[in-house]
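**Q** Dropping in target18.cif, which is mmCIF, C-alpha atoms and all ligand atoms:
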```cif
data_structure
#
loop_
_atom_site.label_atom_id
_atom_site.label_comp_id
_atom_site.auth_asym_id
_atom_site.auth_seq_id
_atom_site.Cartn_x
_atom_site.Cartn_y
_atom_site.Cartn_z
CA MET Y 178 126.72 108.38 89.62
CA ARG Y 179 124.01 108.83 92.24
CA ARG Y 180 122.67 112.35 92.38
CA VAL Y 181 121.97 112.74 96.07
CA PRO Y 182 121.53 116.30 97.36
CA ALA Y 183 124.66 117.43 99.17
CA GLU Y 184 124.44 117.99 102.90
CA ALA Y 185 121.09 116.23 103.36
CA LYS Y 186 120.23 114.66 106.71
CA VAL Y 187 117.65 111.92 106.72
CA TYR Y 188 115.71 110.30 109.52
CA VAL Y 189 114.81 106.76 108.61
CA ASP Y 190 113.70 104.03 110.93
CA GLY Y 191 114.74 105.83 114.12
CA GLN Y 192 118.16 106.99 112.95
CA VAL Y 193 119.44 110.21 111.41
CA LEU Y 194 121.91 109.56 108.59
CA ASP Y 195 123.75 111.49 105.90
CA GLY Y 196 121.80 111.67 102.64
CA GLU Y 197 124.19 109.25 100.91
CA GLN Y 198 123.69 106.62 103.60
CA ALA Y 199 119.93 106.77 103.92
CA CYS Y 200 117.95 104.09 102.09
CA VAL Y 201 114.66 102.20 102.25
CA SER Y 202 113.68 98.70 101.16
CA VAL Y 203 112.84 98.03 97.52
CA PHE Y 204 109.81 96.20 98.98
CA ASP Y 205 108.54 99.41 100.54
CA ARG Y 206 105.11 100.21 99.13
CA GLY Y 207 106.01 103.87 98.79
CA PHE Y 208 108.55 102.73 96.19
CA LEU Y 209 106.36 100.05 94.62
CA TYR Y 210 103.01 101.85 94.49
CA GLY Y 211 103.39 105.42 95.73
CA ASP Y 212 101.48 104.03 98.72
CA GLY Y 213 102.18 106.75 101.25
CA VAL Y 214 101.67 110.39 102.11
CA TYR Y 215 104.00 113.36 102.47
CA GLU Y 216 104.39 117.01 103.35
CA VAL Y 217 106.93 119.65 102.36
CA THR Y 218 107.79 122.85 104.14
CA ARG Y 219 110.80 124.98 105.03
CA THR Y 220 112.25 126.39 108.19
CA VAL Y 221 112.58 130.01 109.19
CA ARG Y 222 115.29 130.58 111.81
CA GLY Y 223 115.44 126.86 112.47
CA GLU Y 224 111.68 126.44 113.05
CA PRO Y 225 109.51 124.52 110.56
CA LEU Y 226 107.02 126.88 108.96
CA PHE Y 227 103.36 126.08 109.79
CA LEU Y 228 104.37 122.65 111.13
CA ALA Y 229 101.08 122.08 112.98
CA GLU Y 230 99.11 122.75 109.79
CA HIS Y 231 101.35 120.44 107.76
CA LEU Y 232 100.99 117.66 110.32
CA ASP Y 233 97.22 118.13 110.28
CA ARG Y 234 97.17 117.84 106.50
CA LEU Y 235 99.45 114.78 106.69
CA ALA Y 236 96.94 113.23 109.08
CA ALA Y 237 94.04 114.07 106.73
CA SER Y 238 95.89 112.54 103.76
CA ALA Y 239 96.69 109.42 105.82
CA ARG Y 240 93.05 109.06 106.89
CA ALA Y 241 91.94 109.31 103.27
CA ILE Y 242 94.15 106.36 102.27
CA GLU Y 243 93.49 104.44 105.50
CA LEU Y 244 97.10 104.63 106.62
CA GLU Y 245 97.83 104.79 110.32
CA LEU Y 246 100.44 107.46 111.02
CA PRO Y 247 103.07 107.09 113.72
CA PRO Y 248 102.01 109.12 116.76
CA HIS Y 249 102.19 112.88 116.29
CA PRO Y 250 104.90 113.39 118.96
CA ARG Y 251 107.11 110.79 117.27
CA ILE Y 252 106.88 112.64 113.95
CA ALA Y 253 107.57 115.99 115.62
CA ALA Y 254 110.56 114.49 117.48
CA ALA Y 255 111.94 113.01 114.25
CA VAL Y 256 111.62 116.41 112.57
CA GLY Y 257 113.47 118.04 115.48
CA GLN Y 258 116.25 115.46 115.43
CA THR Y 259 116.76 115.74 111.68
CA LEU Y 260 116.87 119.54 111.73
CA GLN Y 261 119.26 119.52 114.66
CA ALA Y 262 121.59 117.19 112.77
CA LEU Y 263 121.47 119.49 109.74
CA GLY Y 264 122.17 122.54 111.87
CA GLN Y 265 121.06 125.12 109.31
CA PRO Y 266 118.73 128.02 110.05
CA ARG Y 267 117.05 127.74 106.65
CA ALA Y 268 116.17 124.23 105.58
CA TYR Y 269 113.94 122.38 103.16
CA LEU Y 270 111.94 119.79 105.08
CA ARG Y 271 110.07 116.77 103.76
CA ILE Y 272 108.08 114.36 105.92
CA VAL Y 273 107.16 111.06 104.28
CA VAL Y 274 105.14 108.20 105.71
CA THR Y 275 104.70 105.07 103.59
CA ARG Y 276 102.59 102.03 104.38
CA GLY Y 277 105.85 100.15 104.81
CA ALA Y 278 107.44 97.08 103.23
CA GLY Y 279 106.10 93.56 102.91
CA GLU Y 280 105.02 90.83 100.53
CA ILE Y 281 104.46 92.25 97.04
CA GLY Y 282 100.74 92.67 96.42
CA LEU Y 283 98.20 95.43 96.15
CA ASP Y 284 96.40 94.49 99.37
CA PRO Y 285 97.49 97.03 102.00
CA ALA Y 286 97.42 94.18 104.51
CA CYS Y 287 100.72 93.00 102.93
CA ALA Y 288 102.49 95.92 104.64
CA ASP Y 289 104.36 95.35 107.88
CA ALA Y 290 104.37 98.78 109.58
CA PRO Y 291 104.35 102.41 108.40
CA LEU Y 292 107.77 103.84 107.63
CA LEU Y 293 108.61 107.41 108.67
CA VAL Y 294 111.26 109.32 106.73
CA VAL Y 295 112.24 112.95 107.30
CA ILE Y 296 114.54 114.69 104.84
CA ALA Y 297 116.20 118.00 105.68
CA ARG Y 298 118.61 119.89 103.54
CA PRO Y 299 119.81 123.46 103.18
CA LEU Y 300 117.07 125.58 101.66
CA GLN Y 301 117.53 126.53 98.04
CA LEU Y 302 114.90 128.97 96.86
CA PRO Y 303 114.23 129.35 93.14
CA ASP Y 304 116.31 131.90 91.25
CA GLN Y 305 115.78 135.42 92.61
CA ARG Y 306 114.92 136.60 89.11
CA LEU Y 307 111.67 134.61 89.31
CA TYR Y 308 110.63 136.72 92.30
CA ARG Y 309 111.88 139.98 90.80
CA ASP Y 310 110.65 139.53 87.22
CA GLY Y 311 107.93 136.92 87.68
CA ALA Y 312 107.41 133.40 86.37
CA ALA Y 313 105.91 132.05 83.17
CA VAL Y 314 103.24 129.36 83.44
CA VAL Y 315 101.49 127.26 80.80
CA CYS Y 316 98.26 125.26 80.79
CA VAL Y 317 98.96 121.60 80.12
CA PRO Y 318 96.48 119.08 78.70
CA LEU Y 319 96.59 116.85 81.80
CA ARG Y 320 93.63 117.40 84.13
CA ARG Y 321 93.32 117.20 87.88
CA ASN Y 322 91.37 114.16 88.99
CA ALA Y 323 87.58 114.41 88.92
CA PRO Y 324 85.51 113.74 92.04
CA GLY Y 325 85.40 109.99 92.56
CA HIS Y 326 89.04 109.55 91.58
CA LEU Y 327 91.96 109.76 93.99
CA PRO Y 328 91.23 113.24 95.33
CA PRO Y 329 93.85 115.93 94.63
CA GLU Y 330 93.49 117.13 98.25
CA VAL Y 331 95.32 113.98 99.34
CA LYS Y 332 99.06 114.59 99.25
CA SER Y 333 100.00 111.02 98.44
CA GLY Y 334 103.24 109.64 97.07
CA ASN Y 335 101.49 109.28 93.72
CA TYR Y 336 102.52 112.56 92.09
CA LEU Y 337 102.81 111.47 88.48
CA THR Y 338 100.20 113.95 87.23
CA SER Y 339 102.30 116.79 88.63
CA VAL Y 340 105.58 115.22 87.46
CA LEU Y 341 104.35 114.88 83.87
CA ALA Y 342 102.71 118.31 83.93
CA THR Y 343 105.99 119.88 85.11
CA ALA Y 344 107.91 118.08 82.37
CA ALA Y 345 105.44 119.41 79.77
CA ALA Y 346 105.74 122.96 81.14
CA ARG Y 347 109.54 122.88 81.18
CA ARG Y 348 109.59 121.62 77.58
CA ARG Y 349 107.68 124.78 76.71
CA GLY Y 350 110.16 126.92 78.62
CA ALA Y 351 107.75 127.67 81.47
CA TYR Y 352 108.48 127.51 85.17
CA GLU Y 353 105.19 126.00 86.36
CA ALA Y 354 102.41 123.94 84.82
CA VAL Y 355 98.78 124.98 85.23
CA LEU Y 356 96.35 122.10 85.62
CA CYS Y 357 92.66 122.51 84.84
CA ASP Y 358 89.74 120.61 86.31
CA GLN Y 359 87.37 118.42 84.31
CA GLN Y 360 85.34 121.51 83.25
CA GLY Y 361 88.48 123.12 81.83
CA HIS Y 362 88.65 125.73 84.60
CA ILE Y 363 91.95 126.51 86.28
CA ALA Y 364 92.57 124.25 89.29
CA GLU Y 365 96.15 124.80 90.49
CA GLY Y 366 99.82 124.56 89.58
CA ALA Y 367 101.71 121.27 89.46
CA SER Y 368 103.05 122.04 92.95
CA SER Y 369 101.48 125.37 93.84
CA ASN Y 370 98.20 127.21 94.20
CA LEU Y 371 97.29 130.01 91.82
CA PHE Y 372 95.75 133.44 92.40
CA PHE Y 373 94.50 136.05 89.94
CA VAL Y 374 93.87 139.76 90.52
CA GLN Y 375 91.26 141.66 88.52
CA GLY Y 376 90.14 145.19 89.34
CA GLY Y 377 91.66 145.00 92.82
CA ARG Y 378 89.85 141.75 93.70
CA VAL Y 379 91.73 138.48 94.24
CA ARG Y 380 90.32 135.20 93.06
CA THR Y 381 91.63 131.67 93.58
CA PRO Y 382 89.97 128.45 92.41
CA PRO Y 383 87.72 126.83 95.03
CA LEU Y 384 88.61 123.53 96.71
CA ALA Y 385 85.69 122.02 94.77
CA ALA Y 386 87.76 122.42 91.56
CA GLY Y 387 89.91 119.58 92.95
CA LEU Y 388 93.17 120.93 94.31
CA LEU Y 389 95.50 120.65 97.25
CA PRO Y 390 94.28 122.94 100.04
CA GLY Y 391 97.59 124.76 100.24
CA ILE Y 392 98.70 125.95 103.64
CA THR Y 393 100.22 129.05 102.05
CA ARG Y 394 96.97 129.54 100.12
CA ARG Y 395 95.06 129.76 103.39
CA VAL Y 396 97.61 132.06 105.05
CA VAL Y 397 97.65 134.33 102.00
CA LEU Y 398 93.83 134.57 101.89
CA GLU Y 399 93.84 135.55 105.57
CA LEU Y 400 96.59 138.12 105.05
CA LEU Y 401 94.84 139.68 102.07
CA ARG Y 402 91.49 139.86 103.88
CA GLY Y 403 93.25 141.30 106.94
CA HIS Y 404 94.59 144.08 104.71
CA GLY Y 405 91.12 144.78 103.38
CA VAL Y 406 91.67 143.20 99.96
CA PRO Y 407 88.49 141.54 98.65
CA CYS Y 408 89.11 137.85 97.96
CA GLU Y 409 86.97 135.04 96.65
CA GLU Y 410 87.35 131.33 96.14
CA ALA Y 411 85.52 130.93 92.85
CA PRO Y 412 86.01 129.22 89.47
CA VAL Y 413 88.55 130.86 87.15
CA THR Y 414 88.23 130.21 83.42
CA ARG Y 415 91.30 130.22 81.21
CA GLN Y 416 89.96 133.36 79.56
CA GLU Y 417 89.62 135.12 82.93
CA ALA Y 418 93.12 134.03 83.89
CA ALA Y 419 94.49 135.42 80.63
CA GLU Y 420 92.71 138.75 81.23
CA ALA Y 421 93.87 139.15 84.85
CA ASP Y 422 95.74 142.30 85.87
CA GLU Y 423 98.12 140.28 88.06
CA ALA Y 424 98.72 136.69 89.07
CA PHE Y 425 100.85 134.86 91.59
CA LEU Y 426 101.49 131.35 92.88
CA THR Y 427 102.01 130.12 96.41
CA SER Y 428 103.67 127.18 98.15
CA SER Y 429 105.28 126.60 101.53
CA VAL Y 430 108.82 126.55 100.17
CA ARG Y 431 108.44 129.34 97.62
CA GLY Y 432 106.07 131.62 99.51
CA VAL Y 433 104.51 134.15 97.10
CA MET Y 434 105.92 134.24 93.57
CA PRO Y 435 104.63 136.62 90.86
CA VAL Y 436 103.33 135.06 87.64
CA VAL Y 437 103.69 137.31 84.61
CA ARG Y 438 103.06 135.11 81.57
CA LEU Y 439 100.35 132.59 80.78
CA ASP Y 440 100.63 130.47 77.65
CA ASP Y 441 103.22 132.78 76.09
CA ARG Y 442 101.15 135.94 76.62
CA PRO Y 443 101.85 138.59 79.25
CA ILE Y 444 99.52 138.88 82.23
CA GLY Y 445 98.67 142.56 82.77
CA THR Y 446 101.79 144.63 82.12
CA GLY Y 447 103.97 141.52 82.07
CA ARG Y 448 105.67 142.69 85.27
CA PRO Y 449 104.88 141.73 88.89
CA GLY Y 450 101.89 143.83 89.91
CA PRO Y 451 101.53 146.18 92.89
CA LEU Y 452 99.20 143.94 94.89
CA THR Y 453 101.49 140.93 94.39
CA ARG Y 454 104.46 142.99 95.57
CA ALA Y 455 102.57 144.26 98.61
CA LEU Y 456 101.50 140.71 99.44
CA GLY Y 457 105.13 139.55 99.18
CA VAL Y 458 106.04 142.10 101.85
CA TRP Y 459 103.07 141.19 104.10
CA TYR Y 460 103.90 137.50 103.76
CA GLY Y 461 107.57 138.18 104.58
CA GLU Y 462 106.51 140.07 107.70
CA HIS Y 463 104.18 137.25 108.65
CA ILE Y 464 106.84 134.50 108.44
CA GLY Y 465 109.62 136.72 109.74
CA GLU Y 466 111.83 136.78 106.66
CA ALA Y 467 112.19 139.47 104.00
CA PRO Y 468 110.87 138.51 100.54
CA PRO Y 469 113.52 136.96 98.23
N1 LIG F 1 103.79 121.03 97.01
N2 LIG F 1 99.30 122.26 95.09
C1 LIG F 1 100.08 121.17 94.93
C2 LIG F 1 99.68 120.14 93.93
C3 LIG F 1 101.27 121.03 95.68
O1 LIG F 1 102.04 119.96 95.52
C4 LIG F 1 101.63 122.06 96.59
C5 LIG F 1 102.89 121.99 97.41
C6 LIG F 1 100.78 123.16 96.73
C7 LIG F 1 101.05 124.27 97.71
O2 LIG F 1 100.75 123.85 99.02
P1 LIG F 1 101.46 124.49 100.31
O3 LIG F 1 101.19 125.94 100.30
O4 LIG F 1 100.80 123.78 101.44
O5 LIG F 1 102.93 124.17 100.21
C8 LIG F 1 99.61 123.22 95.97
C9 LIG F 1 105.14 120.97 97.53
C10 LIG F 1 105.92 122.16 97.14
C11 LIG F 1 105.80 119.70 97.07
O6 LIG F 1 105.11 118.72 96.90
O7 LIG F 1 107.00 119.69 96.91
#
```
Represent the structure from my file as structure tokens, please.
**A**
Amino acid sequence: MRRVPAEAKVYVDGQVLDGEQACVSVFDRGFLYGDGVYEVTRTVRGEPLFLAEHLDRLAASARAIELELPPHPRIAAAVGQTLQALGQPRAYLRIVVTRGAGEIGLDPACADAPLLVVIARPLQLPDQRLYRDGAAVVCVPLRRNAPGHLPPEVKSGNYLTSVLATAAARRRGAYEAVLCDQQGHIAEGASSNLFFVQGGRVRTPPLAAGLLPGITRRVVLELLRGHGVPCEEAPVTRQEAAEADEAFLTSSVRGVMPVVRLDDRPIGTGRPGPLTRALGVWYGEHIGEAPP
């Protein structure tokens, strides 16, 4: 049986279809090689959260893999059409652009034309208990790519590092995997950015560690600084992470989620900390929706 998310609406090739009906060619290079780029966000009261920022990052990812995106207004119109068809105030939204289908072969010149797909479905946030009690994370042996490899700041369809890291974390009963850089310092989560609080100061790994420049990461840094909380983008060793008073992760869909265990040991008191809670409220005010 096909496990297609219920109630999904999908824009593909100029048409909006039900999730079960939507399909792409097996000769599409997104399918064959992960040759494409994507973005994920959610809506708040029907409006995609930080859409301009996500489209900018999509454009940056596309430039990095020399993929020509459909014009901006066409992507924005496709997003609007898909969300309208879904008709839900709170939706999960995924924008995918692949290099398209064509003769099988690594040469990108084999592709005919970029394919735009937009997936919208009712938003399902993680279990409320993860927000209330905090999540457990574990460091996995897989590393983020070193400079000179496919850069982690490119959100391409090639997500196997994160897929395998997540599988390893779930096998160990953890919610999220922590990936380190080549030096063994913390880089980011499999699909989130990580923050640590020590003595009232917030630290998150720098972009130079090799990580996705999260849109929520940037918003959260601005919010914290706006509330007078000292923040730095600086390397975080595993030891420093383990000794933090508080920790949290961020992503566009999940917002701010407390992290209370690292590698089977509690972080701080083992409960979501006061700064993380305050940030959850500030972030909720900022996006216009109460924290989960
Ligand atoms: N991913 N780091 C990685 C590797 C990610 O995949 C994501 C988001 C983030 C957070 O970025 P942002 O705040 O812009 O959402 C960080 C989404 C959830 C995904 O691929 O499904």
**Q** Report as a PDB file with C-alpha atoms, in the frame of the given file all protein, DNA and RNA residues lying within 8 Å of Val193 (chain Y), evaluated on only C-alpha atoms, omitting residues in the same chain fewer than 2 positions from it.
**A**
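Contents of result_7.pdb, as written:
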```pdb
ATOM      1  CA  LYS Y 186     120.230 114.660 106.710  1.00  0.00           C
ATOM      2  CA  VAL Y 187     117.650 111.920 106.720  1.00  0.00           C
ATOM      3  CA  TYR Y 188     115.710 110.300 109.520  1.00  0.00           C
ATOM      4  CA  VAL Y 189     114.810 106.760 108.610  1.00  0.00           C
ATOM      5  CA  GLY Y 191     114.740 105.830 114.120  1.00  0.00           C
ATOM      6  CA  ASP Y 195     123.750 111.490 105.900  1.00  0.00           C
ATOM      7  CA  GLN Y 258     116.250 115.460 115.430  1.00  0.00           C
ATOM      8  CA  THR Y 259     116.760 115.740 111.680  1.00  0.00           C
ATOM      9  CA  ALA Y 262     121.590 117.190 112.770  1.00  0.00           C
TER      10      ALA Y 262
END
```
**Q** Could the residues that lie within 8 Å of ligand LIG 1 (chain F), counting all atoms listed in the file, be listed as a list in words?
**A**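 Answer in the requested format: Tyr215, Glu216, Val217, Thr218, His231, Pro329, Lys332, Ser339, Glu365, Gly366, Ala367, Ser368, Ser369, Asn370, Leu388, Leu389, Pro390, Gly391, Ile392, Thr393, Arg394, Arg395, Thr427, Ser428, Ser429, Val430, Arg431 and Gly432 of chain Y.
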**Q** Applying 9 Å and all atoms listed in the file, which residues near Arg448 (chain Y) remain after dropping the ones on its own chain fewer than 3 positions away? List them as a PyMOL selection string.
**A** chain Y and resi 309-311+423+435-438+443-445
**Q** Write out as a CSV table (one decimal) with C-alpha atoms, in the frame of the given file which residues come within 7 Å of Cys357 (chain Y) when counting all atoms listed in the file, dropping same-chain ones fewer than 6 positions away.
**A**
```csv
chain,number,residue,atom,x,y,z
Y,320,ARG,CA,93.6,117.4,84.1
Y,321,ARG,CA,93.3,117.2,87.9
Y,363,ILE,CA,92.0,126.5,86.3
Y,364,ALA,CA,92.6,124.2,89.3
```
**Q** Identify which of the residues Y:Phe204, Y:Phe227, Y:Phe425, Y:Tyr269 lies closest to Val314 (chain Y), counting only C-alpha atoms when measuring atom-to-atom distances.
**A**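 Nearest candidate to Val314 (chain Y) out of Y:Phe204, Y:Phe227, Y:Phe425, Y:Tyr269: Y:Phe425.
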**Q** I need the residue nearest Thr414 (chain Y) from this list: Y:Asp440, Y:Asp358, Y:Glu462, Y:Glu330. Use all atoms listed in the file for the distance.
**A**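 Among Y:Asp440, Y:Asp358, Y:Glu462, Y:Glu330, it is Y:Asp358 that comes nearest to Thr414 (chain Y).
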**Q** Counting only C-alpha atoms, which of Y:Pro291, Y:Pro303, Y:Pro469, Y:Gly257 gets nearest to Gly277 (chain Y)?
**A**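 Of Y:Pro291, Y:Pro303, Y:Pro469, Y:Gly257, the one nearest Gly277 (chain Y), counting only C-alpha atoms, is Y:Pro291.
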**Q** At what distance in Å, to one decimal, does CA of His463 (chain Y) lie from CA of Arg222 (chain Y)?
**A**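 Going from CA of Arg222 (chain Y) over to CA of His463 (chain Y) covers 13.3 Å.
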**Q** Do a neighbour search on Arg378 (chain Y) at 9 Å with all atoms listed in the file, toss out local chain neighbours closer than 5 positions, and write the hits as a list in words.
**A**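 Everything that qualifies: Phe373, Val406, Pro407, Cys408 and Glu409 of chain Y.
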**Q** Between Y:Gly279, Y:Gly377, Y:Gly207, Y:Pro318, which residue has the minimum interatomic distance to Leu293 (chain Y), considering all atoms listed in the file?
**A** Y:Gly207
**Q** Which distance in Å separates CA of Asp205 (chain Y) and CA of Ala323 (chain Y), to one decimal?
**A** 28.3 Å
**Q** Taking the point (97.3, 122.1, 78.9) as given in the file, collect each protein or nucleic acid residue that comes within 9 Å of it, counting all atoms listed in the file, and present the set as number ranges by chain.
**A** Y: 315-320, 342, 345-346, 354-357
**Q** I'd like the interatomic distance between CA of Tyr336 (chain Y) and CA of His249 (chain Y), to a tenth of an Å.
**A**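 Answer for the CA of Tyr336 (chain Y) to CA of His249 (chain Y) separation: 24.2 Å.
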**Q** Any idea what's packed within 12 Å of Arg240 (chain Y), counting only C-alpha atoms, ignoring anything in its chain fewer than 4 positions away? Could you give it as a list in words?
**A**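 After dropping sequence-adjacent residues, the list is Gly213, Val214, Asp233, Arg234, Leu235, Ala236, Leu244, Glu245, Leu246, Glu330, Val331, Lys332 and Ser333 of chain Y.
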**Q** Which residue gives the smallest distance to Gly376 (chain Y) among Y:Leu401, Y:Ala421, Y:Ala312, Y:Ile281, with all atoms listed in the file counted?
**A**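 Closest residue, counting all atoms listed in the file: Y:Ala421.
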**Q** Compare Y:Thr381, Y:Ala199, Y:Pro299, Y:Val374 by their minimum atom-to-atom distance to Thr453 (chain Y), counting all atoms listed in the file, and give me the closest one.
**A** Y:Val374
**Q** What would the file be for region 358-389 of chain Y if you keep C-alpha atoms and write it as a tab-separated table (two decimals), in the first residue's frame?
**A**
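The resulting file, decode27.tsv, is reproduced below:
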```tsv
chain	number	residue	atom	x	y	z
Y	358	ASP	CA	32.10	18.94	11.79
Y	359	GLN	CA	35.44	17.51	10.73
Y	360	GLN	CA	37.09	18.86	13.92
Y	361	GLY	CA	34.55	17.00	16.05
Y	362	HIS	CA	32.78	20.21	17.11
Y	363	ILE	CA	29.00	20.39	17.09
Y	364	ALA	CA	27.66	21.56	13.71
Y	365	GLU	CA	23.87	21.15	13.71
Y	366	GLY	CA	21.00	18.69	13.97
Y	367	ALA	CA	19.98	16.39	11.13
Y	368	SER	CA	17.23	18.87	10.23
Y	369	SER	CA	17.64	21.66	12.77
Y	370	ASN	CA	20.08	24.18	14.18
Y	371	LEU	CA	21.32	23.86	17.76
Y	372	PHE	CA	21.81	26.43	20.51
Y	373	PHE	CA	23.41	26.12	23.94
Y	374	VAL	CA	23.04	28.41	26.96
Y	375	GLN	CA	25.82	28.78	29.52
Y	376	GLY	CA	25.81	31.39	32.27
Y	377	GLY	CA	23.09	33.40	30.53
Y	378	ARG	CA	24.97	33.55	27.21
Y	379	VAL	CA	23.70	31.78	24.09
Y	380	ARG	CA	26.06	30.11	21.68
Y	381	THR	CA	25.36	28.47	18.33
Y	382	PRO	CA	27.93	26.94	15.98
Y	383	PRO	CA	29.20	29.35	13.30
Y	384	LEU	CA	28.36	28.91	9.62
Y	385	ALA	CA	32.04	28.04	9.11
Y	386	ALA	CA	31.40	24.74	10.97
Y	387	GLY	CA	29.46	23.70	7.84
Y	388	LEU	CA	25.74	23.89	8.47
Y	389	LEU	CA	22.53	25.07	6.92
```
